[in-house]
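Heads up, work_5.txt below (compact mmCIF, C-alpha atoms):
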```txt
# COMPACT_ATOMS: atom_id res chain seq x y z
CA MET A 1 17.84 104.27 82.14
CA ALA A 2 20.19 103.60 79.32
CA ASP A 3 19.27 107.01 77.91
CA ALA A 4 20.28 108.69 81.17
CA GLN A 5 23.76 107.26 80.91
CA LYS A 6 24.31 108.40 77.32
CA PRO A 7 24.09 112.13 78.01
CA ALA A 8 26.58 111.77 80.85
CA ALA A 9 29.05 110.11 78.49
CA SER A 10 28.60 112.85 75.92
CA ASP A 11 29.14 115.52 78.66
CA ASP A 12 32.45 113.87 79.54
CA ALA A 13 33.42 113.93 75.90
CA LYS A 14 32.71 117.69 75.73
CA THR A 15 34.58 118.57 78.94
CA ALA A 16 37.60 116.36 78.26
CA PRO A 17 39.13 118.79 75.70
CA LYS A 18 38.49 121.70 78.07
CA LYS A 19 40.27 119.87 80.91
CA ARG A 20 43.22 119.11 78.65
CA SER A 21 43.28 122.68 77.42
CA ARG A 22 43.34 124.05 81.00
CA PHE A 23 46.10 121.62 81.93
CA ARG A 24 48.17 122.71 78.91
CA LYS A 25 47.69 126.40 79.79
CA TRP A 26 48.70 125.72 83.39
CA LEU A 27 51.72 123.73 82.21
CA ILE A 28 52.78 126.56 79.85
CA VAL A 29 52.39 129.18 82.61
CA VAL A 30 54.47 127.10 85.02
CA GLY A 31 57.10 126.49 82.35
CA VAL A 32 57.38 130.17 81.45
CA ALA A 33 57.58 131.10 85.14
CA MET A 34 60.37 128.57 85.71
CA LEU A 35 62.24 129.84 82.65
CA ALA A 36 61.95 133.45 83.85
CA LEU A 37 63.10 132.44 87.32
CA SER A 38 66.09 130.55 85.88
CA ILE A 39 67.12 133.51 83.73
CA THR A 40 66.83 135.88 86.69
CA PHE A 41 68.86 133.56 88.92
CA GLY A 42 71.58 133.16 86.26
CA ALA A 43 71.84 136.89 85.67
CA GLY A 44 72.08 137.57 89.40
CA TRP A 45 74.75 134.92 89.84
CA ILE A 46 76.86 136.34 87.01
CA VAL A 47 76.57 139.90 88.28
CA GLY A 48 77.32 138.79 91.84
CA ARG A 49 80.44 136.86 90.86
CA ARG A 50 81.80 139.83 88.93
CA GLY A 51 82.47 141.80 92.13
CA MET A 52 83.87 138.86 94.14
CA GLY A 53 87.47 139.37 93.02
CA GLU A 54 87.52 142.95 94.25
CA LEU A 55 85.82 141.94 97.48
CA GLU A 56 88.41 139.21 98.12
CA GLU A 57 91.24 141.69 97.49
CA ARG A 58 89.72 144.13 99.96
CA ALA A 59 89.32 141.41 102.59
CA GLU A 60 92.97 140.41 102.19
CA ARG A 61 94.07 144.04 102.44
CA ALA A 62 91.98 144.46 105.61
CA ALA A 63 93.60 141.37 107.13
CA LEU A 64 97.07 142.73 106.34
CA LEU A 65 96.20 146.10 107.87
CA GLU A 66 94.91 144.32 110.98
CA ALA A 67 98.23 142.48 111.31
CA ARG A 68 100.09 145.77 110.95
CA ARG A 69 97.86 147.37 113.61
CA ARG A 70 98.61 144.50 115.99
CA LEU A 71 102.35 145.08 115.57
CA ALA A 72 101.93 148.77 116.36
CA GLN A 73 99.87 147.85 119.44
CA ALA A 74 102.67 145.52 120.55
CA GLU A 75 105.13 148.41 120.42
CA VAL A 76 102.83 150.54 122.58
CA ALA A 77 102.32 147.67 125.04
CA VAL A 78 106.08 147.20 125.42
CA GLY A 79 106.41 150.91 126.19
CA GLU A 80 103.81 150.47 128.92
CA GLN A 81 105.69 147.38 130.20
CA ASN A 82 102.76 145.09 129.35
CA PHE A 83 104.99 142.35 127.96
CA GLY A 84 102.35 139.61 127.96
CA ILE A 85 99.89 141.81 126.06
CA ALA A 86 102.64 142.78 123.62
CA GLU A 87 103.47 139.10 123.05
CA GLY A 88 99.78 138.43 122.40
CA HIS A 89 99.66 141.20 119.80
CA VAL A 90 102.75 139.84 118.06
CA ARG A 91 101.26 136.30 117.98
CA ALA A 92 97.96 137.66 116.64
CA ALA A 93 99.83 139.61 113.93
CA ALA A 94 101.78 136.49 112.94
CA GLN A 95 98.60 134.43 112.78
CA GLN A 96 96.77 137.09 110.76
CA LEU A 97 99.64 137.24 108.28
CA ASP A 98 99.80 133.46 108.05
CA GLU A 99 96.09 133.29 107.19
CA THR A 100 96.54 135.68 104.25
CA GLU A 101 99.17 133.37 102.73
CA PRO A 102 101.61 136.20 101.91
CA GLU A 103 104.07 136.12 99.03
CA GLY A 104 107.44 137.71 98.40
CA GLY A 105 108.59 140.28 100.93
CA LEU A 106 105.48 139.85 103.06
CA ALA A 107 106.20 136.12 103.41
CA GLN A 108 109.72 136.88 104.64
CA LEU A 109 108.36 139.51 107.02
CA ALA A 110 105.74 137.04 108.31
CA ALA A 111 108.49 134.51 109.06
CA GLU A 112 110.45 137.15 110.98
CA ILE A 113 107.38 138.24 112.96
CA ALA A 114 106.71 134.60 113.88
CA GLN A 115 110.23 134.46 115.39
CA VAL A 116 109.81 137.59 117.55
CA ARG A 117 109.55 136.91 121.27
CA ILE A 118 108.66 139.64 123.72
CA GLY A 119 110.07 139.02 127.15
CA VAL A 120 110.31 140.89 130.40
CA THR A 121 113.45 142.98 130.15
CA SER A 122 114.90 146.27 131.24
CA ASP A 123 115.91 147.02 127.64
CA ILE A 124 112.51 148.33 126.58
CA PRO A 125 113.83 150.77 123.93
CA GLU A 126 115.53 147.89 122.07
CA GLN A 127 112.30 145.88 121.88
CA GLN A 128 110.38 148.98 120.78
CA ARG A 129 113.00 149.69 118.10
CA LYS A 130 112.72 146.11 116.78
CA LEU A 131 108.93 146.35 116.62
CA ARG A 132 109.08 149.82 115.05
CA GLU A 133 111.40 148.46 112.33
CA LEU A 134 108.99 145.61 111.62
CA VAL A 135 106.09 148.08 111.35
CA ALA A 136 108.12 150.28 108.96
CA ARG A 137 109.02 147.27 106.79
CA PHE A 138 105.38 146.21 106.86
CA ASP A 139 104.39 149.66 105.61
CA ARG A 140 106.94 149.47 102.78
CA GLU A 141 105.67 146.03 101.76
CA LEU A 142 102.03 147.09 101.83
CA ASP A 143 102.59 150.31 99.89
CA PRO A 144 105.85 150.18 97.95
CA PRO A 145 107.15 153.52 96.62
CA GLY A 146 105.34 154.53 93.45
CA SER A 147 102.22 152.47 94.16
CA PRO A 148 98.86 154.23 93.64
CA THR A 149 98.22 154.44 97.39
CA THR A 150 101.53 156.19 98.14
CA ALA A 151 101.81 158.35 95.03
CA THR A 152 101.45 162.06 95.76
CA PRO A 153 98.71 163.85 93.87
CA ALA A 154 99.72 166.29 91.13
CA GLN A 155 99.43 169.94 92.11
```
Represent the supplied structure as structure tokens.
Amino acid sequence: MADAQKPAASDDAKTAPKKRSRFRKWLIVVGVAMLALSITFGAGWIVGRRGMGELEERAERAALLEARRRLAQAEVAVGEQNFGIAEGHVRAAAQQLDETEPEGGLAQLAAEIAQVRIGVTSDIPEQQRKLRELVARFDRELDPPGSPTTATPAQ
């Protein structure tokens, strides 16, 4: 019976290096896979962040254009004697501008828009004129003369 136990011990001695060798191979494969995954993730993150600045600028521009659209809608609503709707458009434009945290001329314009109150009146042309002036100033602030968006193409 002692002889029967000896071969079992020698079999364990032969398979032990194979088990260690398999474990090392598995460990190397997992390590290489994790390294490849980390490199891929890092490259994707860098490439993705590169376009974020442009995306943020476009989002801000879209918010400004939405505020300008709301002012134009307020002018139309006043013409249709929908004073409550016009007031809502003016408030929405002021809020939209406030969220973009404007600077310079846009900040001054935002403060003026926040002060505008649309009320029921018989002097509709005066309220429309005021709103039209704000829209025109908004346009000048968004696209000052000589900017790439307002420059005329060469013929």
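If you measure from each of A:Gln96, A:Leu134, A:Arg117, A:Ile124 to Ala62 in chain A using only C-alpha atoms, the closest one turns out to be A:Gln96.
CA of Val90 in chain A is positioned 7.1 Å from CA of Ile113 in chain A.
CA of Ala93 in chain A to CA of Arg68 in chain A spans 6.8 Å [interatomic distance, one decimal].
You will find CA of Ala136 in chain A at 16.5 Å from CA of Ala114 in chain A.
Among the candidate residues A:Ala63, A:Val116, A:Ala111, A:Gly104, the one lying nearest to His89 in chain A is A:Val116, with distances computed using all atoms listed in the file.
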Which is closest to Glu60 in chain A among A:Thr100, A:Gln128, A:Gln108, A:Ser122, if we use only C-alpha atoms?
A:Thr100
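When the distance limit is 9 Å and all atoms listed in the file are what count, the residues near Glu75 in chain A, minus those fewer than 2 positions from it on the same chain, are Arg70, Leu71, Ala72, Gln73, Ala77, Val78, Gly79, Glu80, Ala86, Gln127, Gln128, Arg129, Lys130, Leu131 and Arg132 of chain A.
Of the listed residues (A:Glu99, A:Val76, A:Ile28, A:Glu112), A:Glu99 comes nearest to Ala59 in chain A; the distances count all atoms listed in the file.
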Of the candidates A:Ala43, A:Ala67, A:Leu55, A:Val120, which one gets nearest to Gln81 in chain A if we count only C-alpha atoms?
A:Val120
